[in-house]
There are 2 protein chains.
Amino acid sequence: MISIIHAYLTNNTAKIRRFTAPDEVPFFPQNLPEPILPPIKYAKVLAKYHKEINVNDKIKELYIKKVVPMVAAAPGEQEENWGSCATCDIDTLQALSRRIHFGKFVAESKFQSDPETFIKLIKARDAQGIDKAITNEAVEKTVLERLRLKAETYGKDPTLKWSQRAQSTIDVDNVVSIYKDIVIPLTKVVEVDYLLRRLEDWQE
Amino acid sequence: MISIIHAYLTNNTAKIRRFTAPDEVPFFPQNLPEPILPPIKYAKVLAKYHKEINVNDKIKELYIKKVVPMVAAAPGEQEENWGSCATCDIDTLQALSRRIHFGKFVAESKFQSDPETFIKLIKARDAQGIDKAITNEAVEKTVLERLRLKAETYGKDPTLKWSQRAQSTIDVDNVVSIYKDIVIPLTKVVEVDYLLRRLEDWQE
């Protein structure tokens, strides 16, 4: 049921041309309705095949298997929450998807800054080499530290600072783990997938 | 144009039975589509006419006249932002509406705690007397102080604490003023409107 509502609500933002934007990736690309708004001419930043780089199936799978059990109050469906639950799911899934597919922009920028290295790796179909070339462990560590501070800050009510009540409404370790184990690895999958095809839209 | 998108997107949440909930109030009550989900039986808390207490027209007017100029970057429409702008407008308007119409629940609770006083005021059609009976200036002051602290905390990036960059992404005074000049007064309008009709659903 939740899945039907998903498709329904996602298609509605498609009608206001959400998925014509290069930073928005649909979960149901096979049946997107026509936008009711006139098209926008976006500057060409990404390679022409960028819409085909789509790991949303994987995001949805990990969201259902890993994220929901971390944040759901109890297992099982609560029928009266179907509507609001599906609305939150969509907001979360599309936010995760947007963040993870930013990997395309990151990959493009890395490619532009050193085409020679990447062209060599791409021609050798060296996915592992590309993965290594795009990985910066120091940056990843800093991202996770900033994320923890943000989750700690935004996840509690500052007016309850001195109260006896539980202060944090979210589990900060879970937030960090979602980033560390899902967002960062999938972003790298997007980067590698994008780069492996980069010569399809490249003139030497 | 924005207005057409509003109606369109709002009606879509109606389809997942949003406005059957007693705490959700539609901006377009005259043409709500039928929900695609089965109905929920809510416990009766509010008087039977509660759906008719609806100040959304006033909320929309103040939102356009007062709130948008406070938060918009520049006057005029930016065509390419119609879609995402309308989506944010709807989220904001429905959140304001929900918060302001909580006045119904507040009013019901105040009525239940002292029916005698309120019945006298209602029979005398004494709107001003009702307004006085529901006002607690000390509480309003505390609400605004808590709001300011929340806006200060959530409105900035905690990881930029020691940086030279502007720290707050929102104008905290504007947030407080939206609450003080729009949310609190309209909540009281809802309370008074609700209480003035309270004897329509009351057996002595």
# chains A, B, ... in the order shown; residues from 1 in each chain; ligands from 1

call {"tool": "residues_around", "arguments": {"residues": "Pro35 (chain B)", "least_positions_apart": "2", "cutoff": "8 Å", "atoms": "only C-alpha atoms", "output": "PyMOL selection string"}}
result
chain B and resi 14-17+33+37-39

call {"tool": "interface_residues", "arguments": {"of": "chain B", "to": "chain A", "cutoff": "8 Å", "atoms": "only C-alpha atoms", "output": "ChimeraX atom specification"}}
result
/B:5,9,12,16-18,37,40,80,83-84,146,149-150,153-154,157-159

call {"tool": "write_last_selection", "arguments": {"atoms": "N, CA, C and O atoms", "output": "PDB file, in the first residue's frame"}}
result
ATOM      1  N   ILE B   5      -0.781  25.949  -8.819  1.00  0.00           N
ATOM      2  CA  ILE B   5       0.042  24.842  -8.331  1.00  0.00           C
ATOM      3  C   ILE B   5      -0.353  24.501  -6.887  1.00  0.00           C
ATOM      4  O   ILE B   5      -0.468  23.335  -6.519  1.00  0.00           O
ATOM      5  N   LEU B   9      -1.369  20.856  -5.683  1.00  0.00           N
ATOM      6  CA  LEU B   9      -0.605  20.039  -4.732  1.00  0.00           C
ATOM      7  C   LEU B   9      -1.383  19.788  -3.444  1.00  0.00           C
ATOM      8  O   LEU B   9      -1.291  18.713  -2.858  1.00  0.00           O
ATOM      9  N   ASN B  12      -3.724  17.018  -3.690  1.00  0.00           N
ATOM     10  CA  ASN B  12      -3.111  15.702  -3.706  1.00  0.00           C
ATOM     11  C   ASN B  12      -2.919  15.118  -2.321  1.00  0.00           C
ATOM     12  O   ASN B  12      -3.091  13.924  -2.129  1.00  0.00           O
ATOM     13  N   ILE B  16      -4.767  11.524   0.127  1.00  0.00           N
ATOM     14  CA  ILE B  16      -4.322  10.561   1.136  1.00  0.00           C
ATOM     15  C   ILE B  16      -4.896  10.954   2.506  1.00  0.00           C
ATOM     16  O   ILE B  16      -4.233  10.855   3.512  1.00  0.00           O
ATOM     17  N   ARG B  17      -6.135  11.438   2.454  1.00  0.00           N
ATOM     18  CA  ARG B  17      -7.021  11.716   3.601  1.00  0.00           C
ATOM     19  C   ARG B  17      -6.466  12.705   4.622  1.00  0.00           C
ATOM     20  O   ARG B  17      -6.872  12.670   5.791  1.00  0.00           O
ATOM     21  N   ARG B  18      -5.600  13.623   4.181  1.00  0.00           N
ATOM     22  CA  ARG B  18      -5.032  14.592   5.108  1.00  0.00           C
ATOM     23  C   ARG B  18      -6.099  15.368   5.866  1.00  0.00           C
ATOM     24  O   ARG B  18      -6.008  15.571   7.068  1.00  0.00           O
ATOM     25  N   LEU B  37      -7.580   6.399   0.411  1.00  0.00           N
ATOM     26  CA  LEU B  37      -7.373   5.491   1.540  1.00  0.00           C
ATOM     27  C   LEU B  37      -8.686   5.366   2.327  1.00  0.00           C
ATOM     28  O   LEU B  37      -9.497   6.287   2.335  1.00  0.00           O
ATOM     29  N   ILE B  40     -10.580   6.949   8.611  1.00  0.00           N
ATOM     30  CA  ILE B  40     -10.154   6.645   9.990  1.00  0.00           C
ATOM     31  C   ILE B  40     -11.229   7.169  10.932  1.00  0.00           C
ATOM     32  O   ILE B  40     -11.783   8.242  10.712  1.00  0.00           O
ATOM     33  N   GLU B  80      11.663  30.026 -13.057  1.00  0.00           N
ATOM     34  CA  GLU B  80      12.257  28.693 -12.920  1.00  0.00           C
ATOM     35  C   GLU B  80      12.063  28.114 -11.517  1.00  0.00           C
ATOM     36  O   GLU B  80      12.287  26.920 -11.300  1.00  0.00           O
ATOM     37  N   GLY B  83       7.939  25.786  -9.314  1.00  0.00           N
ATOM     38  CA  GLY B  83       7.638  24.468  -8.759  1.00  0.00           C
ATOM     39  C   GLY B  83       8.117  24.321  -7.330  1.00  0.00           C
ATOM     40  O   GLY B  83       7.320  24.055  -6.422  1.00  0.00           O
ATOM     41  N   SER B  84       9.419  24.543  -7.098  1.00  0.00           N
ATOM     42  CA  SER B  84       9.946  24.338  -5.746  1.00  0.00           C
ATOM     43  C   SER B  84       9.420  25.404  -4.788  1.00  0.00           C
ATOM     44  O   SER B  84       9.186  25.127  -3.608  1.00  0.00           O
ATOM     45  N   ARG B 146      11.005  31.043  24.047  1.00  0.00           N
ATOM     46  CA  ARG B 146      11.409  29.705  23.604  1.00  0.00           C
ATOM     47  C   ARG B 146      11.593  29.687  22.091  1.00  0.00           C
ATOM     48  O   ARG B 146      12.516  29.073  21.557  1.00  0.00           O
ATOM     49  N   LEU B 149      14.916  31.251  21.045  1.00  0.00           N
ATOM     50  CA  LEU B 149      16.045  30.347  21.274  1.00  0.00           C
ATOM     51  C   LEU B 149      16.081  29.237  20.217  1.00  0.00           C
ATOM     52  O   LEU B 149      17.142  28.870  19.705  1.00  0.00           O
ATOM     53  N   LYS B 150      14.889  28.713  19.870  1.00  0.00           N
ATOM     54  CA  LYS B 150      14.841  27.673  18.834  1.00  0.00           C
ATOM     55  C   LYS B 150      15.298  28.221  17.486  1.00  0.00           C
ATOM     56  O   LYS B 150      16.058  27.577  16.766  1.00  0.00           O
ATOM     57  N   THR B 153      18.980  28.605  17.446  1.00  0.00           N
ATOM     58  CA  THR B 153      19.691  27.325  17.427  1.00  0.00           C
ATOM     59  C   THR B 153      19.563  26.619  16.075  1.00  0.00           C
ATOM     60  O   THR B 153      20.552  26.213  15.470  1.00  0.00           O
ATOM     61  N   TYR B 154      18.316  26.469  15.600  1.00  0.00           N
ATOM     62  CA  TYR B 154      18.097  25.711  14.371  1.00  0.00           C
ATOM     63  C   TYR B 154      18.447  26.520  13.124  1.00  0.00           C
ATOM     64  O   TYR B 154      18.649  25.956  12.048  1.00  0.00           O
ATOM     65  N   ASP B 157      24.284  27.085  11.174  1.00  0.00           N
ATOM     66  CA  ASP B 157      25.090  25.882  11.029  1.00  0.00           C
ATOM     67  C   ASP B 157      26.064  25.808  12.208  1.00  0.00           C
ATOM     68  O   ASP B 157      26.956  26.650  12.317  1.00  0.00           O
ATOM     69  N   PRO B 158      25.893  24.813  13.105  1.00  0.00           N
ATOM     70  CA  PRO B 158      26.738  24.784  14.307  1.00  0.00           C
ATOM     71  C   PRO B 158      28.210  24.522  13.993  1.00  0.00           C
ATOM     72  O   PRO B 158      29.075  24.815  14.808  1.00  0.00           O
ATOM     73  N   THR B 159      28.495  24.027  12.791  1.00  0.00           N
ATOM     74  CA  THR B 159      29.890  23.732  12.457  1.00  0.00           C
ATOM     75  C   THR B 159      30.632  24.994  12.003  1.00  0.00           C
ATOM     76  O   THR B 159      31.834  24.962  11.796  1.00  0.00           O
TER      77      THR B 159
END

call {"tool": "residues_around", "arguments": {"residues": "Leu186 (chain B)", "least_positions_apart": "4", "cutoff": "7 Å", "atoms": "only C-alpha atoms", "output": "VMD selection string"}}
result
chain B and resid 100 182 190

call {"tool": "write_last_selection", "arguments": {"atoms": "N, CA and C atoms", "output": "mmCIF file, in the first residue's frame"}}
result
data_model
loop_
_atom_site.group_PDB
_atom_site.id
_atom_site.type_symbol
_atom_site.label_atom_id
_atom_site.label_comp_id
_atom_site.auth_asym_id
_atom_site.auth_seq_id
_atom_site.Cartn_x
_atom_site.Cartn_y
_atom_site.Cartn_z
ATOM 1 N N ILE B 100 -2.063 27.279 13.982
ATOM 2 C CA ILE B 100 -3.072 28.282 14.350
ATOM 3 C C ILE B 100 -4.404 27.614 14.708
ATOM 4 N N ILE B 182 1.218 37.382 13.920
ATOM 5 C CA ILE B 182 0.316 36.613 13.054
ATOM 6 C C ILE B 182 -0.187 35.356 13.770
ATOM 7 N N VAL B 190 -9.251 32.014 16.221
ATOM 8 C CA VAL B 190 -9.795 30.654 16.127
ATOM 9 C C VAL B 190 -10.471 30.269 17.447
#

call {"tool": "closest_residue", "arguments": {"among": "B:Leu121, B:Ile134, B:Val71, B:Val172", "to": "Lys104 (chain B)", "atoms": "only C-alpha atoms"}}
result
B:Ile134

call {"tool": "residues_around", "arguments": {"residues": "Asp201 (chain B)", "least_positions_apart": "4", "cutoff": "9 Å", "atoms": "only C-alpha atoms", "output": "PyMOL selection string"}}
result
chain B and resi 47-49+197

call {"tool": "write_last_selection", "arguments": {"atoms": "all heavy atoms", "output": "short mmCIF file (atom, residue, chain, number, x, y, z; two decimals), in the first residue's frame"}}
result
data_model
loop_
_atom_site.label_atom_id
_atom_site.label_comp_id
_atom_site.auth_asym_id
_atom_site.auth_seq_id
_atom_site.Cartn_x
_atom_site.Cartn_y
_atom_site.Cartn_z
N ALA B 47 -16.03 20.04 19.13
CA ALA B 47 -17.46 20.16 18.85
C ALA B 47 -17.72 19.86 17.37
O ALA B 47 -16.83 20.01 16.53
CB ALA B 47 -17.93 21.57 19.20
N LYS B 48 -18.95 19.45 17.08
CA LYS B 48 -19.26 18.89 15.75
C LYS B 48 -19.05 19.87 14.60
O LYS B 48 -18.84 19.46 13.47
CB LYS B 48 -20.71 18.36 15.73
CG LYS B 48 -21.75 19.45 15.97
CD LYS B 48 -23.19 18.90 16.03
CE LYS B 48 -24.15 20.06 16.29
NZ LYS B 48 -25.49 19.65 16.69
N TYR B 49 -19.10 21.17 14.85
CA TYR B 49 -18.96 22.17 13.78
C TYR B 49 -17.51 22.55 13.51
O TYR B 49 -17.23 23.49 12.77
CB TYR B 49 -19.74 23.45 14.17
CG TYR B 49 -19.29 23.99 15.50
CD1 TYR B 49 -18.16 24.80 15.61
CD2 TYR B 49 -19.96 23.64 16.68
CE1 TYR B 49 -17.70 25.24 16.83
CE2 TYR B 49 -19.52 24.08 17.91
CZ TYR B 49 -18.38 24.89 17.98
OH TYR B 49 -17.92 25.31 19.19
N ARG B 197 -19.50 29.50 19.25
CA ARG B 197 -20.49 28.53 18.75
C ARG B 197 -20.62 27.30 19.66
O ARG B 197 -21.34 26.36 19.32
CB ARG B 197 -20.09 28.07 17.34
CG ARG B 197 -20.23 29.17 16.29
CD ARG B 197 -19.87 28.66 14.91
NE ARG B 197 -20.72 27.54 14.51
CZ ARG B 197 -20.64 26.94 13.32
NH1 ARG B 197 -19.74 27.35 12.44
NH2 ARG B 197 -21.44 25.93 13.02
#

call {"tool": "residues_around", "arguments": {"residues": "Asn56 (chain B)", "least_positions_apart": "6", "cutoff": "12 Å", "atoms": "only C-alpha atoms", "output": "PyMOL selection string"}}
result
chain B and resi 24-29+62-63+90+93-101+183+186-187+189-190
